[in-house]
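Just my_file-v3.txt here, compact mmCIF, C-alpha atoms:
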# COMPACT_ATOMS: atom_id res chain seq x y z
CA MET A 74 -15.15 -1.92 11.59
CA THR A 75 -15.68 -0.12 8.30
CA ASP A 76 -17.42 -2.55 5.97
CA THR A 77 -18.71 -0.21 3.32
CA THR A 78 -18.51 -0.64 -0.41
CA THR A 79 -18.82 1.94 -3.12
CA THR A 80 -22.09 1.99 -4.99
CA THR A 81 -20.79 2.46 -8.52
CA PRO A 82 -22.72 0.38 -11.07
CA THR A 83 -21.28 -2.76 -12.63
CA ALA A 84 -18.23 -1.84 -14.67
CA THR A 85 -18.46 -1.83 -18.46
CA PRO A 86 -15.37 -2.38 -20.63
CA ASP A 87 -15.14 1.40 -21.02
CA ASP A 88 -15.24 1.82 -17.24
CA THR A 89 -12.46 -0.71 -16.83
CA ALA A 90 -10.42 1.03 -19.51
CA ARG A 91 -10.82 4.38 -17.73
CA ALA A 92 -9.87 2.76 -14.43
CA ARG A 93 -6.79 1.25 -16.05
CA ASP A 94 -5.77 4.62 -17.44
CA LEU A 95 -6.10 6.23 -14.00
CA ALA A 96 -4.25 3.33 -12.37
CA ASN A 97 -1.40 3.67 -14.88
CA ARG A 98 -1.25 7.41 -14.27
CA TRP A 99 -1.23 6.71 -10.52
CA ASP A 100 1.77 4.43 -10.99
CA THR A 101 3.59 7.07 -13.02
CA GLN A 102 2.78 9.73 -10.43
CA GLN A 103 3.99 7.54 -7.56
CA THR A 104 7.18 6.71 -9.44
CA ALA A 105 7.85 10.44 -9.65
CA TYR A 106 8.04 10.39 -5.85
CA ILE A 107 9.82 7.02 -5.47
CA ARG A 108 12.85 6.51 -7.71
CA HIS A 109 12.96 2.71 -7.70
CA ARG A 110 9.30 1.92 -7.09
CA ALA A 111 9.19 -0.81 -9.77
CA GLU A 112 12.23 -2.52 -8.27
CA ARG A 113 10.64 -2.34 -4.83
CA PHE A 114 7.49 -3.99 -6.20
CA ALA A 115 9.51 -6.64 -8.05
CA THR A 116 11.42 -7.53 -4.89
CA ILE A 117 8.21 -7.91 -2.90
CA ALA A 118 6.68 -10.04 -5.65
CA ARG A 119 9.76 -12.30 -5.90
CA VAL A 120 9.80 -12.95 -2.16
CA VAL A 121 6.07 -13.73 -2.11
CA ALA A 122 6.53 -16.09 -5.06
CA ALA A 123 9.31 -17.93 -3.22
CA VAL A 124 7.33 -18.21 0.01
CA CYS A 125 4.31 -19.52 -1.92
CA ALA A 126 6.24 -21.87 -4.22
CA ASP A 127 4.66 -24.98 -2.71
CA THR A 128 1.19 -23.49 -2.18
CA SER A 129 -1.52 -24.44 -4.65
CA ALA A 130 -3.76 -21.39 -4.18
CA PRO A 131 -1.81 -18.62 -2.39
CA ARG A 132 -3.72 -15.87 -0.62
CA VAL A 133 -2.27 -12.38 -0.36
CA LEU A 134 -3.48 -9.36 1.60
CA ASP A 135 -2.44 -5.90 0.39
CA LEU A 136 -2.78 -3.46 3.28
CA ALA A 137 -3.71 0.11 2.30
CA GLY A 138 -3.47 -1.15 -1.27
CA GLY A 139 -5.09 1.83 -3.01
CA THR A 140 -5.78 1.14 -6.68
CA GLY A 141 -4.27 -2.35 -6.34
CA SER A 142 -0.93 -1.71 -8.06
CA LEU A 143 1.14 -3.82 -5.68
CA ALA A 144 -1.46 -6.58 -5.57
CA GLU A 145 -1.39 -6.79 -9.37
CA ALA A 146 2.42 -6.97 -9.37
CA VAL A 147 2.31 -9.85 -6.90
CA LEU A 148 -0.41 -11.67 -8.85
CA ALA A 149 1.70 -11.42 -12.00
CA ALA A 150 4.52 -13.24 -10.21
CA VAL A 151 2.44 -15.80 -8.30
CA PRO A 152 0.29 -18.01 -10.55
CA GLY A 153 -2.98 -19.14 -9.01
CA ALA A 154 -2.93 -16.53 -6.27
CA THR A 155 -5.75 -14.25 -5.15
CA ALA A 156 -5.25 -10.87 -3.49
CA VAL A 157 -7.42 -8.83 -1.16
CA VAL A 158 -6.89 -5.09 -1.63
CA ALA A 159 -7.75 -3.41 1.68
CA ASP A 160 -7.96 0.36 1.98
CA LYS A 161 -10.09 3.09 3.55
CA ASP A 162 -10.11 5.50 0.60
CA PRO A 163 -13.42 5.14 -1.31
CA ALA A 164 -12.09 6.72 -4.50
CA LEU A 165 -8.97 4.58 -4.78
CA LEU A 166 -11.04 1.49 -4.05
CA ALA A 167 -13.64 2.46 -6.65
CA ILE A 168 -10.88 2.38 -9.26
CA ALA A 169 -9.57 -0.91 -7.87
CA ALA A 170 -13.10 -2.36 -7.98
CA ASP A 171 -13.42 -1.50 -11.66
CA LEU A 172 -10.13 -3.30 -12.31
CA ALA A 173 -11.30 -6.25 -10.21
CA ALA A 174 -14.41 -6.51 -12.42
CA ALA A 175 -12.07 -7.74 -15.15
CA ASP A 176 -9.86 -9.82 -12.86
CA PRO A 177 -11.57 -12.20 -10.40
CA ARG A 178 -8.26 -12.74 -8.59
CA LEU A 179 -8.69 -9.29 -7.01
CA VAL A 180 -11.02 -8.83 -4.00
CA ILE A 181 -11.82 -5.39 -2.58
CA ALA A 182 -12.22 -4.64 1.14
CA GLU A 183 -12.97 -1.16 2.42
CA VAL A 184 -11.53 -1.03 5.93
CA ASP A 185 -9.94 1.51 8.25
CA LEU A 186 -6.75 0.11 9.76
CA ALA A 187 -7.19 2.46 12.70
CA ASP A 188 -10.40 0.61 13.57
CA PRO A 189 -9.49 -2.26 15.94
CA HIS A 190 -12.02 -4.47 14.16
CA TRP A 191 -10.61 -4.06 10.64
CA ALA A 192 -9.55 -7.70 10.39
CA GLU A 193 -13.17 -8.80 10.89
CA HIS A 194 -14.06 -7.76 7.34
CA PRO A 195 -15.39 -10.92 5.62
CA ALA A 196 -12.71 -10.80 2.94
CA ILE A 197 -9.98 -10.65 5.58
CA ALA A 198 -11.42 -12.76 8.39
CA ASP A 199 -11.16 -15.82 6.15
CA ALA A 200 -7.52 -16.21 7.19
CA PRO A 201 -4.81 -17.44 7.09
CA PHE A 202 -2.93 -15.59 4.37
CA ASP A 203 0.35 -16.70 2.86
CA ALA A 204 1.62 -13.15 2.52
CA VAL A 205 0.70 -9.65 3.63
CA VAL A 206 2.19 -6.79 1.60
CA SER A 207 2.09 -3.02 1.65
CA SER A 208 3.84 -0.11 -0.09
CA THR A 209 4.09 3.60 0.70
CA ALA A 210 1.11 3.42 3.01
CA LEU A 211 1.67 2.31 6.59
CA HIS A 212 3.60 5.50 7.39
CA TRP A 213 0.18 7.20 7.41
CA LEU A 214 -0.72 5.30 10.57
CA GLN A 215 -0.07 6.73 14.02
CA PRO A 216 2.82 4.81 15.63
CA GLY A 217 0.56 3.11 18.19
CA THR A 218 -1.87 2.09 15.46
CA LEU A 219 0.98 0.70 13.36
CA VAL A 220 2.06 -1.52 16.25
CA ASP A 221 -1.50 -2.81 16.66
CA VAL A 222 -1.82 -3.49 12.91
CA LEU A 223 1.43 -5.46 12.84
CA ARG A 224 0.29 -7.58 15.77
CA ARG A 225 -3.03 -8.30 14.10
CA THR A 226 -1.28 -9.05 10.82
CA ALA A 227 0.86 -11.69 12.53
CA ASP A 228 -2.34 -13.46 13.55
CA LEU A 229 -3.58 -13.43 9.95
CA LEU A 230 -0.51 -15.18 8.52
CA ARG A 231 0.06 -18.91 8.37
CA PRO A 232 3.24 -20.27 9.97
CA GLY A 233 6.03 -19.46 7.53
CA GLY A 234 3.97 -16.71 5.93
CA VAL A 235 5.62 -13.37 5.24
CA LEU A 236 4.89 -9.68 5.76
CA LEU A 237 6.62 -7.29 3.34
CA ASN A 238 6.35 -3.53 3.81
CA GLY A 239 7.98 -1.13 1.35
CA ASP A 240 8.26 2.47 2.49
CA HIS A 241 10.51 5.41 3.21
CA LEU A 242 11.79 4.76 6.74
CA SER A 243 13.66 7.62 8.35
CA TYR A 244 17.33 7.45 9.21
CA GLN A 245 18.28 7.71 12.87
CA ARG A 246 19.18 11.13 14.31
CA ASP A 247 22.90 10.31 14.15
CA GLU A 248 22.66 9.55 10.41
CA SER A 249 22.25 13.14 9.26
CA THR A 250 24.61 12.79 6.28
CA MET A 251 22.63 9.97 4.70
CA ALA A 252 19.32 11.62 5.63
CA ALA A 253 20.37 14.74 3.72
CA ILE A 254 21.48 12.70 0.70
CA ALA A 255 18.16 10.83 0.69
CA ALA A 256 16.19 14.09 0.89
CA ASP A 257 18.15 15.56 -2.02
CA ASP A 258 17.63 12.39 -4.04
CA ASP A 259 13.87 12.51 -3.40
CA ALA A 260 13.77 16.11 -4.60
CA ALA A 261 15.73 15.25 -7.74
CA THR A 262 13.44 12.28 -8.44
CA GLN A 263 10.40 14.52 -8.26
CA ARG A 264 11.92 17.17 -10.53
CA GLU A 265 12.81 14.53 -13.10
CA GLY A 266 9.45 12.77 -12.87
CA PHE A 267 7.29 15.85 -13.19
CA ALA A 268 9.48 17.28 -15.94
CA SER A 269 8.89 14.08 -17.93
CA GLY A 270 5.12 14.57 -17.72
CA ALA A 271 4.02 12.66 -14.62
CA ASP A 272 0.93 13.95 -12.85
CA THR A 273 1.46 15.74 -9.58
CA TRP A 274 -0.62 14.48 -6.65
CA ASP A 275 -3.20 17.25 -7.19
CA ALA A 276 -3.29 16.78 -10.97
CA TRP A 277 -4.00 13.07 -10.59
CA TRP A 278 -6.90 13.68 -8.23
CA ALA A 279 -8.23 16.30 -10.65
CA ALA A 280 -8.27 13.58 -13.33
CA VAL A 281 -10.30 11.34 -11.03
CA ALA A 282 -12.73 14.20 -10.42
CA GLU A 283 -13.26 14.49 -14.18
CA THR A 284 -14.76 10.97 -14.18
CA PRO A 285 -18.46 11.18 -13.22
CA ARG A 286 -18.46 7.49 -12.27
CA TYR A 287 -16.30 8.27 -9.22
CA ALA A 288 -18.21 11.33 -8.03
CA GLU A 289 -19.93 9.54 -5.15
CA ALA A 290 -16.70 7.94 -3.98
CA LEU A 291 -14.93 11.28 -4.07
CA ALA A 292 -17.76 12.90 -2.10
CA ARG A 293 -17.31 10.27 0.60
CA ARG A 294 -13.54 10.70 0.69
CA ASP A 295 -13.40 13.83 2.85
CA THR A 296 -15.85 12.30 5.31
CA VAL A 297 -13.94 9.03 5.56
CA TRP A 298 -10.56 10.68 6.05
CA GLY A 299 -11.54 13.73 8.06
CA ALA A 300 -8.59 15.70 9.42
CA GLU A 301 -6.24 12.79 8.63
CA LEU A 302 -6.36 13.79 4.97
CA HIS A 303 -4.18 16.81 5.73
CA GLU A 304 -2.27 15.79 8.89
CA ALA A 305 0.74 13.52 8.57
CA PRO A 306 1.58 11.41 11.64
CA PRO A 307 5.06 11.43 13.22
CA LYS A 308 7.72 9.68 11.17
CA VAL A 309 9.12 6.46 12.58
CA THR A 310 12.49 4.84 11.96
CA LEU A 311 13.59 1.48 10.64
CA GLY A 312 14.39 0.49 14.21
CA PHE A 313 10.83 1.19 15.28
CA HIS A 314 9.47 -1.07 12.54
CA VAL A 315 11.92 -3.88 13.29
CA GLU A 316 11.23 -3.88 17.03
CA SER A 317 7.48 -3.65 16.41
CA LEU A 318 7.64 -6.72 14.16
CA ARG A 319 9.62 -8.64 16.77
CA SER A 320 7.17 -7.73 19.51
CA ALA A 321 4.30 -8.79 17.22
CA GLY A 322 5.68 -12.32 17.18
CA PHE A 323 7.51 -12.52 13.85
CA ALA A 324 10.29 -15.11 14.05
CA GLU A 325 12.56 -13.50 11.45
CA VAL A 326 12.78 -9.76 10.87
CA GLY A 327 14.99 -7.58 8.70
CA THR A 328 15.44 -5.58 5.50
CA VAL A 329 15.24 -7.46 2.20
CA TRP A 330 15.88 -4.45 -0.09
CA GLN A 331 17.12 -0.89 0.33
CA TYR A 332 17.86 2.24 -1.66
CA LEU A 333 18.89 5.05 0.71
CA ASP A 334 15.96 5.42 3.13
CA ASP A 335 13.60 3.49 0.83
CA ARG A 336 13.39 -0.06 2.20
CA VAL A 337 11.42 -3.26 2.10
CA VAL A 338 11.15 -4.62 5.62
CA TYR A 339 10.09 -8.22 6.15
CA GLY A 340 8.81 -10.45 8.89
CA VAL A 341 8.44 -14.22 8.69
CA ARG A 342 5.72 -15.68 10.90

Write the structure described by the file as structure tokens, please.
Amino acid sequence: MTDTTTTTPTATPDDTARARDLANRWDTQQTAYIRHRAERFATIARVVAAVCADTSAPRVLDLAGGTGSLAEAVLAAVPGATAVVADKDPALLAIAADLAAADPRLVIAEVDLADPHWAEHPAIADAPFDAVVSSTALHWLQPGTLVDVLRRTADLLRPGGVLLNGDHLSYQRDESTMAAIAADDDAATQREGFASGADTWDAWWAAVAETPRYAEALARRDTVWGAELHEAPPKVTLGFHVESLRSAGFAEVGTVWQYLDDRVVYGVR
């Protein structure tokens, strides 16, 4: 299990402000790749709020949560909740940690979901959770690892708890018309987003590199990711996700929101 934390000093108000600026720019950059990202987040947050309506202190786990954008969206919709932001990227988590310094509802956990012991991290092992969420992240896992993570996630949820995963899930091979439309729409979204001033992926990381506070985290990033940083795993379909959730023991499985191949898949424990 990876149980390492960044060693950046305690955040000052200026540090938190810089982290917020980078997090906002991250959101804008991601929206340039995902047309209805805000609607995806809002749907996830609404479902979590409904599931936790009778819970006094809901606990949420954001898998591969990066800077904590989705966790913050859920917290805004679920009063009294706390959220664990779990990720393996030291730089993204360093930004999230600076935001968490101003918001005690956020807890940071540096874990590698490919490590079979990831759920033993102290912030995660204190299960059960009421909801587990993720967005634009789990597609980076190898298919076999994804299946293992979903099985472990089922064990972390209370009965009636929910998993919500928002991501681009490929159309089947016999859905070539819709696959082509989705690809064209993605390209148009990116053209529009970058033309309006959004950072590209590389430009955003260059902005992080301009912040001395995150130098150590950035130096660790290549080591932590290794070859995975540049090698995308095979794409998996909606059907793969649905059957993996069923085999993991989720009682109810389906799609709660969709725009072309962008979907929010759910599983109720």

For this session: Would you mind telling me which residue in A:Ala305, A:Asp258, A:Leu179, A:Asp275 lies nearest to His109 of chain A when using only C-alpha atoms?
Result: A:Asp258

For this session: Would you kindly return, as number ranges by chain, each protein, DNA or RNA residue with an atom no farther than 10 Å from any atom of Gln102 of chain A, considering all atoms listed in the file and excluding same-chain residues fewer than 5 positions away?
Result: A: 96-97, 107, 263, 266-267, 270-274, 276-277

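Comparing the minimum interatomic distances between Asp171 of chain A and each of A:Gly234, A:Thr128, A:Thr140, A:Ala105, counting all atoms listed in the file, we find that A:Thr140 sits nearest.
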
Give me the residues of segment 163-219 of chain A that have any atom at most 6 Å from an atom of segment 238-244 of chain A; for each, the nearest atom pair and the distance in Å, rounded to one decimal. Use only C-alpha atoms, sort by chain and number, and format it as a Markdown table.
| residue | atom | partner | partner_atom | distance |
| --- | --- | --- | --- | --- |
| A:Val206 | CA | A:Asn238 | CA | 5.7 |
| A:Ser207 | CA | A:Asn238 | CA | 4.8 |
| A:Ser208 | CA | A:Gly239 | CA | 4.5 |
| A:Thr209 | CA | A:Asp240 | CA | 4.7 |

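With distances restricted to only C-alpha atoms, A:Asp176 is the closest residue to Thr89 of chain A from A:Asp335, A:Glu145, A:Asp176, A:Asp257.
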
For this session: Could you please give me, as an MDAnalysis selection string, the residues of protein, DNA or RNA lying at most 12 Å from (15.5, 11.2, 2.2) in the coordinate frame of the file, considering all atoms listed in the file?
Result: chainID A and resid 106:108 240:245 248:262 308 332:336

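Going from atom CA of Trp99 of chain A to atom CA of Val220 of chain A covers 28.2 Å.
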
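For the choices A:Val337, A:Leu95, A:Trp278, A:Ala111, the atom-to-atom distance to Leu291 of chain A is smallest for A:Trp278 when using all atoms listed in the file.
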
Draw an axis-aligned box tight on the listed atoms of segment 314-317 of chain A, then pad every side by 8 Å and write out centre and edge lengths in Å to one decimal as lines of an AutoDock Vina configuration file.
center_x = 9.7
center_y = -2.5
center_z = 14.8
size_x = 20.4
size_y = 18.8
size_z = 20.5

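What separates atom CA of Thr104 of chain A from atom CA of Arg119 of chain A is a distance of 19.5 Å.
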
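When only C-alpha atoms are used to compute distances to Ala118 of chain A, the closest of the residues A:Glu289, A:Thr296, A:Pro152, A:Pro201 turns out to be A:Pro152.
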
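If only C-alpha atoms are the atoms counted, then among A:Gln103, A:Thr226, A:Thr218, A:Thr328 the closest residue to Asp203 of chain A is A:Thr226.
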
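One finds atom CA of Lys161 of chain A at 11.6 Å from atom CA of Gly299 of chain A.
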
For this session: Find the spatial neighbours of Ala150 of chain A, counting only C-alpha atoms, within a cut-off of 10 Å - ignore same-chain residues fewer than 2 positions away - and output them as number ranges by chain.
Result: A: 115, 117-123, 145-148, 152-154

Write to file, as a PDB file, keeping the file's coordinate frame, the residues of the selection just made, with C-alpha atoms.
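What ended up in again_19.pdb:
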ATOM      1  CA  ALA A 115       9.510  -6.640  -8.050  1.00  0.00           C
ATOM      2  CA  ILE A 117       8.210  -7.910  -2.900  1.00  0.00           C
ATOM      3  CA  ALA A 118       6.680 -10.040  -5.650  1.00  0.00           C
ATOM      4  CA  ARG A 119       9.760 -12.300  -5.900  1.00  0.00           C
ATOM      5  CA  VAL A 120       9.800 -12.950  -2.160  1.00  0.00           C
ATOM      6  CA  VAL A 121       6.070 -13.730  -2.110  1.00  0.00           C
ATOM      7  CA  ALA A 122       6.530 -16.090  -5.060  1.00  0.00           C
ATOM      8  CA  ALA A 123       9.310 -17.930  -3.220  1.00  0.00           C
ATOM      9  CA  GLU A 145      -1.390  -6.790  -9.370  1.00  0.00           C
ATOM     10  CA  ALA A 146       2.420  -6.970  -9.370  1.00  0.00           C
ATOM     11  CA  VAL A 147       2.310  -9.850  -6.900  1.00  0.00           C
ATOM     12  CA  LEU A 148      -0.410 -11.670  -8.850  1.00  0.00           C
ATOM     13  CA  PRO A 152       0.290 -18.010 -10.550  1.00  0.00           C
ATOM     14  CA  GLY A 153      -2.980 -19.140  -9.010  1.00  0.00           C
ATOM     15  CA  ALA A 154      -2.930 -16.530  -6.270  1.00  0.00           C
TER      16      ALA A 154
END

Residues at most 12 Å from Glu316 of chain A, counting all atoms listed in the file, excluding those fewer than 2 positions away in the same chain, as a compact mmCIF listing (two decimals) with C-alpha atoms, in the coordinates of the input?
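Produced file out_31.txt, reproduced below:
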# COMPACT_ATOMS: atom_id res chain seq x y z
CA LEU A 219 0.98 0.70 13.36
CA VAL A 220 2.06 -1.52 16.25
CA LEU A 223 1.43 -5.46 12.84
CA ARG A 224 0.29 -7.58 15.77
CA VAL A 309 9.12 6.46 12.58
CA THR A 310 12.49 4.84 11.96
CA LEU A 311 13.59 1.48 10.64
CA GLY A 312 14.39 0.49 14.21
CA PHE A 313 10.83 1.19 15.28
CA HIS A 314 9.47 -1.07 12.54
CA LEU A 318 7.64 -6.72 14.16
CA ARG A 319 9.62 -8.64 16.77
CA SER A 320 7.17 -7.73 19.51
CA ALA A 321 4.30 -8.79 17.22
CA GLY A 322 5.68 -12.32 17.18
CA PHE A 323 7.51 -12.52 13.85
CA ALA A 324 10.29 -15.11 14.05
CA GLU A 325 12.56 -13.50 11.45
CA VAL A 326 12.78 -9.76 10.87
CA GLY A 327 14.99 -7.58 8.70
CA VAL A 338 11.15 -4.62 5.62
CA TYR A 339 10.09 -8.22 6.15
CA GLY A 340 8.81 -10.45 8.89

For this session: Do a neighbour search on Ala90 of chain A at 12 Å with all atoms listed in the file, toss out local chain neighbours closer than 2 positions, and write the hits as a PyMOL selection string.
Result: chain A and resi 84-88+92-97+168-169+171-175
